[in-house]
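upload-v1.cif follows (mmCIF, C-alpha atoms and all ligand atoms):
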data_my_file
#
loop_
_atom_site.label_atom_id
_atom_site.label_comp_id
_atom_site.auth_asym_id
_atom_site.auth_seq_id
_atom_site.Cartn_x
_atom_site.Cartn_y
_atom_site.Cartn_z
CA MET A 20 0.00 0.00 0.00
CA HIS A 21 2.09 2.76 -1.45
CA GLU A 22 -0.44 5.49 -0.63
CA MET A 23 -0.13 4.60 3.06
CA SER A 24 3.55 5.53 3.20
CA LEU A 25 2.90 8.68 1.21
CA ALA A 26 0.25 9.69 3.75
CA GLU A 27 2.77 8.99 6.53
CA ASN A 28 5.25 11.31 4.84
CA VAL A 29 2.58 13.98 4.50
CA LEU A 30 1.89 13.73 8.23
CA GLN A 31 5.61 14.08 9.02
CA ILE A 32 5.77 17.23 6.94
CA ILE A 33 2.66 18.62 8.66
CA GLU A 34 3.98 17.78 12.12
CA GLU A 35 7.27 19.52 11.39
CA ALA A 36 5.43 22.58 10.14
CA ALA A 37 3.21 22.50 13.24
CA TYR A 38 6.31 22.53 15.41
CA HIS A 39 8.09 25.34 13.59
CA GLN A 40 5.05 27.49 12.84
CA SER A 41 3.18 26.87 16.09
CA PHE A 42 -0.23 25.69 15.08
CA THR A 43 -2.29 23.04 16.78
CA ARG A 44 -4.95 22.21 14.26
CA VAL A 45 -4.97 21.73 10.52
CA LYS A 46 -8.28 22.40 8.76
CA THR A 47 -7.31 21.85 5.12
CA VAL A 48 -4.36 20.23 3.35
CA TRP A 49 -3.59 20.98 -0.29
CA LEU A 50 -1.61 18.28 -2.05
CA GLU A 51 -0.23 18.64 -5.54
CA ILE A 52 -0.30 15.33 -7.38
CA GLY A 53 1.10 15.03 -10.87
CA GLN A 54 -0.77 12.97 -13.43
CA LEU A 55 2.38 10.94 -14.11
CA THR A 56 2.94 9.81 -10.51
CA CYS A 57 1.51 6.41 -9.71
CA VAL A 58 -0.77 7.74 -7.01
CA GLU A 59 -4.39 6.72 -6.85
CA PRO A 60 -6.19 9.79 -5.44
CA GLU A 61 -9.03 7.74 -3.96
CA ALA A 62 -6.64 5.35 -2.22
CA LEU A 63 -4.70 8.34 -0.93
CA ARG A 64 -7.88 9.92 0.47
CA PHE A 65 -8.64 6.76 2.35
CA CYS A 66 -5.11 6.48 3.78
CA PHE A 67 -5.06 10.18 4.57
CA ASP A 68 -8.04 9.89 6.91
CA VAL A 69 -6.61 6.81 8.62
CA VAL A 70 -3.13 8.27 9.07
CA MET A 71 -4.23 11.75 10.21
CA HIS A 72 -6.46 10.26 12.90
CA GLY A 73 -5.32 11.44 16.34
CA SER A 74 -2.87 13.96 14.88
CA VAL A 75 -2.98 17.75 14.49
CA ALA A 76 -4.61 17.08 11.13
CA GLN A 77 -7.42 14.84 12.35
CA HIS A 78 -10.57 15.54 10.33
CA ALA A 79 -8.64 17.86 8.02
CA ARG A 80 -10.11 18.30 4.55
CA LEU A 81 -7.90 17.00 1.75
CA GLU A 82 -7.78 19.04 -1.42
CA ILE A 83 -5.98 17.39 -4.33
CA ILE A 84 -4.59 19.63 -7.05
CA GLY A 85 -4.01 17.55 -10.15
CA ILE A 86 -1.07 18.61 -12.32
CA PRO A 87 -1.45 17.49 -15.94
CA GLY A 88 1.46 15.70 -17.54
CA LEU A 89 3.53 17.68 -20.01
CA GLY A 90 6.38 16.39 -22.13
CA TRP A 91 9.06 17.75 -24.44
CA CYS A 92 9.51 16.18 -27.86
CA LYS A 93 13.12 16.42 -29.05
CA THR A 94 12.08 15.78 -32.63
CA CYS A 95 9.38 18.45 -32.87
CA MET A 96 11.18 20.74 -30.40
CA GLN A 97 7.95 21.54 -28.64
CA GLU A 98 5.87 20.82 -25.57
CA VAL A 99 3.21 18.14 -25.92
CA PRO A 100 0.59 16.82 -23.49
CA MET A 101 1.53 13.57 -21.75
CA ALA A 102 -1.21 11.50 -20.14
CA THR A 103 1.03 8.56 -19.21
CA LEU A 104 4.75 7.90 -18.92
CA TYR A 105 4.60 5.92 -22.14
CA ALA A 106 2.66 8.52 -24.10
CA VAL A 107 3.80 9.20 -27.66
CA CYS A 108 4.20 12.65 -29.17
CA SER A 109 0.83 13.79 -30.50
CA GLN A 110 2.58 15.47 -33.44
CA CYS A 111 5.12 12.93 -34.69
CA GLY A 112 4.53 9.67 -32.78
CA ASN A 113 7.97 9.73 -31.14
CA PHE A 114 7.90 8.02 -27.73
CA GLU A 115 11.08 9.51 -26.32
CA LEU A 116 9.29 12.31 -24.50
CA GLU A 117 11.09 14.06 -21.71
CA VAL A 118 8.88 14.80 -18.69
CA LEU A 119 8.53 18.53 -18.03
CA CYS A 120 5.58 18.57 -15.69
CA GLY A 121 3.31 16.18 -13.84
CA ASP A 122 5.74 14.01 -11.88
CA THR A 123 5.56 15.98 -8.63
CA LEU A 124 4.09 15.00 -5.30
CA ARG A 125 4.00 17.95 -2.95
CA VAL A 126 2.36 19.29 0.17
CA LYS A 127 1.52 22.74 -1.12
CA GLU A 128 -0.37 24.62 1.53
CA LEU A 129 -2.17 24.23 4.85
CA GLU A 130 -5.05 26.04 6.43
CA VAL A 131 -4.32 25.98 10.14
CA GLU A 132 -5.33 27.48 13.45
CA MET B 16 17.93 13.71 16.05
CA CYS B 17 19.13 12.38 12.76
CA THR B 18 21.85 14.61 11.32
CA THR B 19 20.91 13.84 7.73
CA CYS B 20 17.43 15.24 7.61
CA GLY B 21 16.55 16.21 11.16
CA CYS B 22 14.02 13.41 11.52
CA GLY B 23 13.53 11.29 14.62
CA HIS B 24 15.00 8.21 12.95
CA GLY B 25 18.47 8.92 14.25
CA LEU B 26 17.33 8.37 17.82
CA ILE B 27 16.72 4.69 17.35
CA GLN B 28 18.86 2.59 19.57
CA ILE B 29 19.59 -1.05 19.93
CA ASP B 30 20.72 -2.35 23.28
CA GLY B 31 21.11 1.22 24.47
CA LYS B 32 23.58 2.10 21.72
CA ARG B 33 23.08 4.07 18.59
CA LEU B 34 22.90 1.75 15.64
CA GLN B 35 25.86 3.38 13.94
CA HIS B 36 28.15 2.41 16.79
CA SER B 37 26.80 -1.00 17.62
CA ARG B 38 28.74 -4.07 16.60
CA LYS B 39 25.91 -6.51 17.01
CA PRO B 40 25.85 -9.59 14.83
CA ALA B 41 23.46 -9.16 11.94
CA GLY B 42 19.92 -10.13 12.91
CA ALA B 43 16.55 -9.26 11.51
CA ILE B 44 15.39 -5.66 11.55
CA ARG B 45 11.64 -5.47 11.72
CA TYR B 46 9.70 -2.37 10.89
CA ARG B 47 6.26 -1.52 12.06
CA MET B 48 4.03 0.72 10.08
CA PRO B 49 3.36 3.75 12.25
CA ALA B 50 -0.26 3.62 11.12
CA ASN B 51 -0.82 0.41 13.08
CA LEU B 52 -0.18 2.13 16.36
CA PRO B 53 -2.35 4.64 18.10
CA ARG B 54 -1.39 7.98 16.59
CA GLN B 55 -0.89 9.53 20.04
CA THR B 56 2.50 7.84 20.30
CA SER B 57 3.79 10.21 17.66
CA LEU B 58 2.56 13.22 19.60
CA LYS B 59 4.36 12.32 22.76
CA ALA B 60 7.68 14.09 23.07
CA SER B 61 10.29 11.56 24.07
CA ALA B 62 14.05 11.62 24.04
CA ASP B 63 14.32 7.97 23.26
CA TYR B 64 12.58 5.48 21.06
CA PRO B 65 11.40 2.30 22.71
CA VAL B 66 13.28 -0.85 21.85
CA HIS B 67 11.18 -3.85 22.72
CA LYS B 68 13.56 -6.52 21.53
CA PRO B 69 17.23 -6.37 20.59
CA ASP B 70 16.47 -7.41 17.02
CA LEU B 71 13.57 -5.05 16.56
CA ILE B 72 13.67 -1.49 15.40
CA ASP B 73 10.37 0.15 16.17
CA PHE B 74 9.35 2.79 13.72
CA GLY B 75 6.11 3.40 15.52
CA SER B 76 7.05 6.82 16.84
CA GLY B 77 7.22 9.85 14.62
CA ALA B 78 8.52 13.36 15.25
CA ALA B 79 8.16 14.70 18.76
CA GLN B 80 5.26 17.03 18.75
CA ALA B 81 3.80 18.05 22.13
CA HIS B 82 3.30 21.75 22.35
CA ALA B 83 1.96 25.15 21.75
CA SER B 84 -0.96 26.33 23.73
CA GLY B 85 -2.45 29.77 23.24
CA MET B 86 -5.17 31.16 21.06
CA SER B 87 -4.73 31.16 17.36
CA GLN B 88 -6.86 31.95 14.34
CA ALA B 89 -7.19 30.24 11.03
CA ARG B 90 -4.39 31.13 8.63
CA MET B 91 -2.68 29.76 5.58
CA VAL B 92 0.77 28.22 5.71
CA LYS B 93 2.75 27.77 2.50
CA ILE B 94 4.62 24.50 2.57
CA GLU B 95 5.76 23.54 -0.95
CA ARG B 96 7.51 20.40 0.18
CA ASP B 97 8.17 17.29 -1.81
CA ILE B 98 6.50 14.34 -0.13
CA LEU B 99 9.51 12.13 -0.84
CA ALA B 100 12.12 14.74 0.14
CA LYS B 101 13.19 13.00 3.33
CA ASN B 102 13.72 9.70 1.64
CA ASN B 103 15.72 11.46 -1.05
CA LEU B 104 18.01 13.04 1.55
CA HIS B 105 18.75 9.66 3.09
CA ALA B 106 19.24 8.19 -0.37
CA GLU B 107 21.78 10.87 -1.29
CA ALA B 108 23.65 10.25 1.96
CA ASN B 109 23.74 6.52 1.14
CA ARG B 110 24.95 7.27 -2.38
CA CYS B 111 27.85 9.41 -1.10
CA TYR B 112 28.77 6.81 1.49
CA LEU B 113 28.75 3.99 -1.05
CA THR B 114 30.64 5.86 -3.77
CA GLU B 115 33.35 7.07 -1.40
CA ARG B 116 33.97 3.47 -0.38
CA GLY B 117 33.82 1.78 -3.76
CA ILE B 118 30.65 -0.12 -2.92
CA PHE B 119 28.56 -0.97 -6.00
CA ALA B 120 24.94 -1.19 -4.86
CA LEU B 121 22.13 -2.69 -6.93
CA ASN B 122 18.45 -2.44 -6.04
CA LEU B 123 16.65 -5.52 -7.40
CA VAL B 124 12.95 -4.97 -7.96
CA SER B 125 10.21 -7.20 -9.36
CA SER B 126 6.88 -8.74 -8.55
CA PRO B 127 7.03 -11.63 -6.07
CA GLY B 128 8.33 -14.88 -7.50
CA SER B 129 10.09 -13.57 -10.60
CA GLY B 130 13.33 -15.10 -9.36
CA LYS B 131 15.31 -12.42 -7.48
CA THR B 132 16.61 -14.71 -4.76
CA THR B 133 17.40 -17.52 -7.20
CA LEU B 134 19.28 -15.01 -9.33
CA LEU B 135 21.26 -13.80 -6.31
CA VAL B 136 22.20 -17.32 -5.26
CA GLN B 137 23.50 -18.08 -8.77
CA THR B 138 25.26 -14.69 -9.04
CA ILE B 139 27.04 -15.24 -5.75
CA ALA B 140 28.14 -18.71 -6.87
CA ALA B 141 29.59 -17.21 -10.07
CA LEU B 142 31.42 -14.31 -8.40
CA ARG B 143 32.41 -15.51 -4.96
CA GLU B 144 36.01 -16.38 -5.83
CA GLU B 145 36.83 -12.86 -7.02
CA GLN B 146 34.34 -10.48 -5.44
CA ARG B 147 33.36 -9.41 -1.92
CA MET B 148 29.55 -9.29 -1.75
CA TYR B 149 26.76 -8.50 0.70
CA VAL B 150 23.01 -8.87 0.51
CA ILE B 151 20.16 -6.94 2.12
CA GLU B 152 16.88 -8.84 1.84
CA GLY B 153 13.58 -7.00 2.09
CA ASP B 154 10.41 -8.99 2.71
CA GLN B 155 7.26 -8.28 4.66
CA GLN B 156 7.78 -11.41 6.76
CA THR B 157 10.25 -14.30 7.36
CA GLU B 158 14.01 -14.62 7.24
CA ASN B 159 13.87 -17.30 4.54
CA ASP B 160 15.61 -15.34 1.79
CA ALA B 161 18.48 -14.17 4.01
CA ALA B 162 18.91 -17.78 5.10
CA ARG B 163 19.11 -18.86 1.43
CA ILE B 164 21.86 -16.28 0.87
CA ARG B 165 23.76 -17.13 4.05
CA ALA B 166 23.81 -20.75 2.91
CA CYS B 167 26.04 -19.51 0.07
CA GLY B 168 28.56 -18.21 2.61
CA ILE B 169 27.73 -14.51 2.19
CA SER B 170 26.69 -12.02 4.90
CA ALA B 171 23.03 -11.22 4.52
CA LEU B 172 20.68 -9.05 6.55
CA GLN B 173 16.94 -9.49 6.53
CA ILE B 174 14.76 -6.42 6.86
CA ASN B 175 11.13 -7.25 7.55
CA THR B 176 8.89 -4.38 6.58
CA GLY B 177 5.72 -5.78 8.17
CA LYS B 178 2.83 -4.18 6.34
CA GLY B 179 5.21 -1.86 4.48
CA CYS B 180 5.53 -2.71 0.84
CA HIS B 181 9.00 -1.36 0.01
CA LEU B 182 12.42 -0.64 1.47
CA ASP B 183 13.28 3.00 2.08
CA ALA B 184 16.66 4.71 2.14
CA TYR B 185 16.77 4.96 5.91
CA MET B 186 16.23 1.21 6.35
CA VAL B 187 19.04 0.58 3.89
CA SER B 188 21.43 2.97 5.68
CA GLN B 189 20.83 0.98 8.86
CA GLY B 190 21.30 -2.27 6.96
CA ILE B 191 24.66 -1.09 5.61
CA GLN B 192 25.84 -0.29 9.14
CA ARG B 193 24.59 -3.59 10.54
CA LEU B 194 26.28 -5.60 7.85
CA ALA B 195 29.48 -3.57 8.33
CA VAL B 196 29.85 -3.49 4.55
CA ARG B 197 33.55 -3.18 3.66
CA GLU B 198 35.13 -1.05 0.97
CA ASP B 199 35.43 -2.35 -2.60
CA SER B 200 32.45 -4.65 -2.62
CA VAL B 201 29.11 -5.31 -4.29
CA LEU B 202 25.92 -4.83 -2.29
CA PHE B 203 22.76 -6.46 -3.60
CA ILE B 204 19.50 -5.16 -2.20
CA GLU B 205 16.53 -7.43 -2.87
CA ASN B 206 13.52 -5.16 -2.52
CA VAL B 207 10.08 -6.28 -1.39
CA GLY B 208 8.28 -8.02 -4.26
CA ASN B 209 6.19 -5.17 -5.65
CA LEU B 210 6.32 -3.36 -8.97
CA VAL B 211 4.70 -0.16 -7.73
CA CYS B 212 6.22 1.89 -4.94
CA PRO B 213 9.86 0.72 -4.89
CA ALA B 214 10.08 2.85 -8.05
CA GLY B 215 9.47 6.00 -6.01
CA PHE B 216 11.88 5.21 -3.18
CA ASP B 217 15.47 5.87 -4.11
CA LEU B 218 17.75 3.84 -1.84
CA GLY B 219 21.00 5.46 -2.97
CA GLU B 220 21.81 2.52 -5.24
CA ALA B 221 23.92 2.79 -8.37
CA HIS B 222 21.19 1.16 -10.48
CA LYS B 223 17.74 -0.26 -10.15
CA VAL B 224 17.55 -3.63 -11.87
CA VAL B 225 14.04 -4.77 -12.73
CA ILE B 226 13.43 -8.49 -13.14
CA LEU B 227 10.52 -9.66 -15.26
CA SER B 228 9.90 -13.36 -15.71
CA VAL B 229 8.39 -14.81 -18.86
CA THR B 230 5.48 -16.28 -16.90
CA GLU B 231 4.16 -12.78 -16.14
CA GLY B 232 2.75 -11.41 -19.40
CA GLU B 233 4.36 -9.11 -21.97
CA ASP B 234 2.45 -6.00 -20.98
CA LYS B 235 3.87 -5.69 -17.44
CA PRO B 236 6.02 -2.72 -18.57
CA LEU B 237 2.90 -0.87 -19.72
CA LYS B 238 1.01 -1.73 -16.56
CA TYR B 239 3.85 -0.62 -14.26
CA PRO B 240 5.63 2.07 -16.28
CA ASP B 241 7.23 3.86 -13.32
CA MET B 242 9.31 0.87 -12.40
CA PHE B 243 10.52 0.24 -15.94
CA ARG B 244 11.35 3.91 -16.29
CA ALA B 245 13.30 4.02 -13.03
CA ALA B 246 15.41 0.96 -13.89
CA ASP B 247 18.66 0.94 -15.89
CA LEU B 248 18.65 -2.78 -16.59
CA LEU B 249 15.88 -5.27 -17.32
CA LEU B 250 16.57 -8.93 -16.71
CA LEU B 251 14.09 -11.11 -18.55
CA ASN B 252 14.20 -14.24 -16.40
CA LYS B 253 13.01 -17.84 -16.70
CA CYS B 254 13.79 -17.88 -20.42
CA ASP B 255 14.25 -21.66 -20.10
CA LEU B 256 10.44 -21.82 -19.96
CA LEU B 257 9.88 -20.02 -23.28
CA PRO B 258 9.32 -23.24 -25.30
CA TYR B 259 6.32 -24.05 -23.11
CA LEU B 260 4.69 -20.61 -23.19
CA THR B 261 3.15 -18.18 -25.66
CA PHE B 262 5.15 -15.31 -24.14
CA ASP B 263 6.72 -13.11 -26.84
CA PRO B 264 10.03 -11.74 -25.51
CA GLU B 265 10.39 -9.26 -28.40
CA LEU B 266 7.02 -7.72 -27.56
CA ALA B 267 7.85 -7.42 -23.85
CA ILE B 268 11.20 -5.79 -24.65
CA ASN B 269 9.51 -3.50 -27.14
CA TYR B 270 7.02 -2.33 -24.49
CA ALA B 271 9.79 -1.85 -21.94
CA CYS B 272 11.87 0.25 -24.35
CA ARG B 273 8.86 2.35 -25.17
CA ILE B 274 8.72 3.31 -21.49
CA ASN B 275 12.47 3.67 -21.19
CA PRO B 276 14.45 3.94 -24.45
CA SER B 277 17.82 3.71 -22.67
CA LEU B 278 16.93 0.51 -20.81
CA ARG B 279 19.51 -2.27 -21.23
CA VAL B 280 17.98 -5.76 -21.53
CA ILE B 281 19.49 -9.16 -20.77
CA GLN B 282 17.55 -12.38 -21.34
CA LEU B 283 18.54 -15.16 -18.98
CA SER B 284 17.59 -18.16 -16.93
CA ALA B 285 18.74 -17.90 -13.33
CA LEU B 286 17.88 -21.55 -12.86
CA ARG B 287 19.60 -23.05 -15.91
CA GLY B 288 22.36 -20.47 -16.36
CA GLU B 289 21.78 -19.26 -19.94
CA GLY B 290 22.55 -15.56 -20.25
CA MET B 291 24.05 -15.36 -16.76
CA SER B 292 27.53 -14.49 -18.04
CA GLU B 293 26.22 -11.31 -19.69
CA TRP B 294 24.71 -10.24 -16.37
CA ILE B 295 27.90 -11.11 -14.48
CA ASP B 296 29.94 -9.04 -16.96
CA TRP B 297 27.54 -6.12 -16.51
CA ILE B 298 28.13 -6.26 -12.73
CA LYS B 299 31.92 -6.36 -13.20
CA VAL B 300 31.87 -3.30 -15.45
CA GLY B 301 29.70 -1.35 -12.98
CA TYR B 302 31.85 -2.39 -10.05
CA HIS B 303 35.03 -1.19 -11.77
CA GLN B 304 33.39 2.15 -12.55
CA VAL B 305 32.54 2.64 -8.87
CA VAL B 306 36.06 1.73 -7.76
CA THR B 307 37.46 4.17 -10.33
CA SER B 308 35.30 7.01 -9.05
CA LYS B 309 36.32 6.20 -5.50
CA LYS B 310 39.99 6.59 -6.50
CA LYS B 311 39.21 9.88 -8.22
CA ILE B 312 37.55 11.15 -5.04
CA GLU B 313 40.55 10.05 -2.97
CA ASN B 314 42.98 11.77 -5.34
CA SER B 315 41.05 15.03 -5.37
CA GLN B 316 40.99 15.01 -1.57
CA HIS B 317 44.78 14.56 -1.54
CA HIS B 318 45.16 17.64 -3.71
CA VAL B 319 43.07 19.67 -1.30
CA ASP B 320 45.27 18.68 1.69
N1 LIG A 401 12.09 -22.28 -14.61
C1 LIG A 401 12.67 -21.32 -13.89
N2 LIG A 401 12.28 -21.09 -12.62
C2 LIG A 401 12.89 -20.13 -11.93
C3 LIG A 401 13.94 -19.34 -12.49
N3 LIG A 401 14.34 -18.43 -11.53
C4 LIG A 401 13.57 -18.66 -10.45
N4 LIG A 401 12.70 -19.68 -10.67
C5 LIG A 401 11.71 -20.21 -9.73
O1 LIG A 401 10.76 -19.22 -9.41
C6 LIG A 401 10.33 -19.37 -8.05
C7 LIG A 401 10.48 -18.05 -7.28
O2 LIG A 401 11.86 -17.72 -7.21
P1 LIG A 401 12.46 -16.75 -6.13
O3 LIG A 401 13.92 -16.66 -6.42
O4 LIG A 401 12.09 -17.16 -4.75
O5 LIG A 401 11.72 -15.39 -6.50
P2 LIG A 401 11.68 -13.97 -5.73
O6 LIG A 401 10.39 -13.92 -4.99
O7 LIG A 401 11.73 -12.94 -6.82
O8 LIG A 401 12.88 -13.90 -4.85
C8 LIG A 401 11.16 -20.49 -7.46
O9 LIG A 401 10.37 -21.67 -7.49
C9 LIG A 401 12.33 -20.61 -8.41
O10 LIG A 401 12.88 -21.90 -8.48
C10 LIG A 401 14.34 -19.60 -13.83
O11 LIG A 401 15.24 -18.98 -14.41
N5 LIG A 401 13.66 -20.60 -14.49
MG MG A 402 13.01 -13.42 -2.75
ZN ZN A 403 7.19 15.04 -31.78
ZN ZN A 404 16.90 11.59 8.96
ZN ZN A 405 14.31 10.34 8.01
ZN ZN A 406 5.47 0.57 -0.72
#

What would you get if you wrote out this structure as structure tokens?
Ligand SMILES: Nc1nc2c(ncn2[C@@H]2O[C@H](COP(=O)(O)OP(=O)(O)O)[C@@H](O)[C@H]2O)c(=O)[nH]1
Ligand SMILES: [Mg+2]
Ligand SMILES: [Zn+2]
Ligand SMILES: [Zn+2]
Ligand SMILES: [Zn+2]
Ligand SMILES: [Zn+2]
Amino acid sequence: MHEMSLAENVLQIIEEAAYHQSFTRVKTVWLEIGQLTCVEPEALRFCFDVVMHGSVAQHARLEIIGIPGLGWCKTCMQEVPMATLYAVCSQCGNFELEVLCGDTLRVKELEVE
Amino acid sequence: MCTTCGCGHGLIQIDGKRLQHSRKPAGAIRYRMPANLPRQTSLKASADYPVHKPDLIDFGSGAAQAHASGMSQARMVKIERDILAKNNLHAEANRCYLTERGIFALNLVSSPGSGKTTLLVQTIAALREEQRMYVIEGDQQTENDAARIRACGISALQINTGKGCHLDAYMVSQGIQRLAVREDSVLFIENVGNLVCPAGFDLGEAHKVVILSVTEGEDKPLKYPDMFRAADLLLLNKCDLLPYLTFDPELAINYACRINPSLRVIQLSALRGEGMSEWIDWIKVGYHQVVTSKKKIENSQHHVD
């Protein structure tokens, strides 16, 4: 259960922020999840609730910001959309796309009190 | 606190000693998923982490957290932190440590049963006369695989991840210390059988090697693209079974190279030995590269002195 360890990492980041920025309750968590990461948002939601239980972020709302995949085609010298890691260039069919965007997994922002 | 990333990991002790300084014989390290424990344990500030058994490292406690009373109002806090940043810090520390010592580390990943342990046993048999080797075995449960390796006369450490489905860089750093891995050696890390998340957890290895067996279906690379993208070498195993199957190796390799055009592929049979020499040669080349970079580092440090 990959999403479980990701949720654990999210909690660690939140707990560190709580310590340094002195807050005791987290109301909302914004996570940025790239389309090209192998994260299942629904599985992550489930793990999020389980892992946050009893922490500063218990009952926090999870907002997922999806980042669409974007690649660079060396042949066409241009940016092309990339829905999967094995996507081919929509212009020329080349499959050696370089990932520009959409492989990030970040805790972006918190609403706290 | 851990000096690498400031996490609580560094506080873990075994028999009252920090792991880094202990000279305990290699035993199993067992990890517990923090999620199994009541979350309150992570909120309790404590200077020490509990050690219930000498061979158990308890990862149940997270960062110390008790604090801050006082009134506060809702506000926004910008974080912008990579969820895998901590693992990546530990992985980089491992990578430096390994490179400086001429240790060539390989992270073997695959679904369960594709033949990782069989491959290791045969690899050790082929290299043992000329090469110092160590093995870290990751499995959710049992010490069976480490026992299979030890039977070959090689030091092996078993890490049991419990419910965890992958090894992380911190576990591996502890494994390296426990095994007391010596300079100029090859370290094989057999990851937990899982084609999903080991792709996201850098261990500080020189290369990820993905093993796909011909009994698994040609489209595995398309179904698990992250793993095939993260790997530098694909070993297509159990090729001795090809005459009995409809598996098309060309198609599987084609799919894999679509995901990762620079992927090197070796077809072999760990059981029968075909193709093993190509794999052994690949290890030797990689090992010599690591030893060469170690010498370069040593020389540059001499010039600084
Ligand atoms: N026919 C055949 N069987 C193999 C080969 N390599 C491994 N196996 C078998 O596959 C099963 C699982 O192997 P194991 O090494 O435990 O896989 P692991 O879970 O990846 O470590 C065992 O029954 C092995 O004997 C091979 O090259 N050919
Ligand atoms: Mg095994
Ligand atoms: Zn193109
Ligand atoms: Zn650390
Ligand atoms: Zn850490
Ligand atoms: Zn995992």

- Message: Could you list, as number ranges by chain, all residues that come within 12 Å of ligand ZN 403 (chain A)? Count only C-alpha atoms and all ligand atoms.
- Response: A: 90-101, 106-117

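The binding environment of ligand ZN 406 (chain A), defined as every protein, DNA or RNA residue with an atom no more than 9 Å away and counting all atoms listed in the file, comprises Met20, His21, Glu22, Met23, Ser24 and Leu25 of chain A; Lys178, Gly179, Cys180, His181, Leu182, Asp183, Val207, Asn209, Val211, Cys212, Pro213, Ala214, Gly215 and Phe216 of chain B.
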
Selected residues, C-alpha atoms, written as a compact mmCIF listing (two decimals), in the coordinates of the input, please.
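What ended up in selection-v5.txt:
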# COMPACT_ATOMS: atom_id res chain seq x y z
CA MET A 20 0.00 0.00 0.00
CA HIS A 21 2.09 2.76 -1.45
CA GLU A 22 -0.44 5.49 -0.63
CA MET A 23 -0.13 4.60 3.06
CA SER A 24 3.55 5.53 3.20
CA LEU A 25 2.90 8.68 1.21
CA LYS B 178 2.83 -4.18 6.34
CA GLY B 179 5.21 -1.86 4.48
CA CYS B 180 5.53 -2.71 0.84
CA HIS B 181 9.00 -1.36 0.01
CA LEU B 182 12.42 -0.64 1.47
CA ASP B 183 13.28 3.00 2.08
CA VAL B 207 10.08 -6.28 -1.39
CA ASN B 209 6.19 -5.17 -5.65
CA VAL B 211 4.70 -0.16 -7.73
CA CYS B 212 6.22 1.89 -4.94
CA PRO B 213 9.86 0.72 -4.89
CA ALA B 214 10.08 2.85 -8.05
CA GLY B 215 9.47 6.00 -6.01
CA PHE B 216 11.88 5.21 -3.18

- Item | Å distance separating atom CA of B:Leu278 from atom CA of B:Trp294, one decimal place | 14.0 Å

Centre and edges of the stretch 72-87 of chain A box, axis-aligned, 3 Å extra per side, as lines of an AutoDock Vina configuration file:
center_x = -5.8
center_y = 14.9
center_z = 0.2
size_x = 15.5
size_y = 15.4
size_z = 38.3

- Task: Excluding A:Pro60 and any residue of its chain fewer than 4 positions from it, enumerate the residues within 10 Å of it, using only C-alpha atoms, and give them as a VMD selection string.
- Result: chain A and resid 22 52 64 to 66 83 85

- What does the distance from atom CA of A:Glu128 to atom CA of A:Val48 come to in Å, to one decimal? 6.2 Å

- Item | Atomic separation - atom CA of B:Leu249 relative to atom CA of B:Ile281, Å |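 Taking atom CA of B:Ile281 and atom CA of B:Leu249, their separation equals 6.3 Å.
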
When the cut-off is 7 Å and you count only C-alpha atoms and all ligand atoms, which residues lie near ligand LIG 401 (chain A), shown as an mmCIF file with C-alpha atoms, in the coordinates of the input?
data_model
loop_
_atom_site.group_PDB
_atom_site.id
_atom_site.type_symbol
_atom_site.label_atom_id
_atom_site.label_comp_id
_atom_site.auth_asym_id
_atom_site.auth_seq_id
_atom_site.Cartn_x
_atom_site.Cartn_y
_atom_site.Cartn_z
ATOM 1 C CA SER B 125 10.210 -7.200 -9.360
ATOM 2 C CA SER B 126 6.880 -8.740 -8.550
ATOM 3 C CA PRO B 127 7.030 -11.630 -6.070
ATOM 4 C CA GLY B 128 8.330 -14.880 -7.500
ATOM 5 C CA SER B 129 10.090 -13.570 -10.600
ATOM 6 C CA GLY B 130 13.330 -15.100 -9.360
ATOM 7 C CA LYS B 131 15.310 -12.420 -7.480
ATOM 8 C CA THR B 132 16.610 -14.710 -4.760
ATOM 9 C CA THR B 133 17.400 -17.520 -7.200
ATOM 10 C CA LEU B 134 19.280 -15.010 -9.330
ATOM 11 C CA GLY B 208 8.280 -8.020 -4.260
ATOM 12 C CA ASN B 252 14.200 -14.240 -16.400
ATOM 13 C CA LYS B 253 13.010 -17.840 -16.700
ATOM 14 C CA CYS B 254 13.790 -17.880 -20.420
ATOM 15 C CA ASP B 255 14.250 -21.660 -20.100
ATOM 16 C CA LEU B 256 10.440 -21.820 -19.960
ATOM 17 C CA LEU B 283 18.540 -15.160 -18.980
ATOM 18 C CA SER B 284 17.590 -18.160 -16.930
ATOM 19 C CA ALA B 285 18.740 -17.900 -13.330
ATOM 20 C CA LEU B 286 17.880 -21.550 -12.860
ATOM 21 C CA ARG B 287 19.600 -23.050 -15.910
#
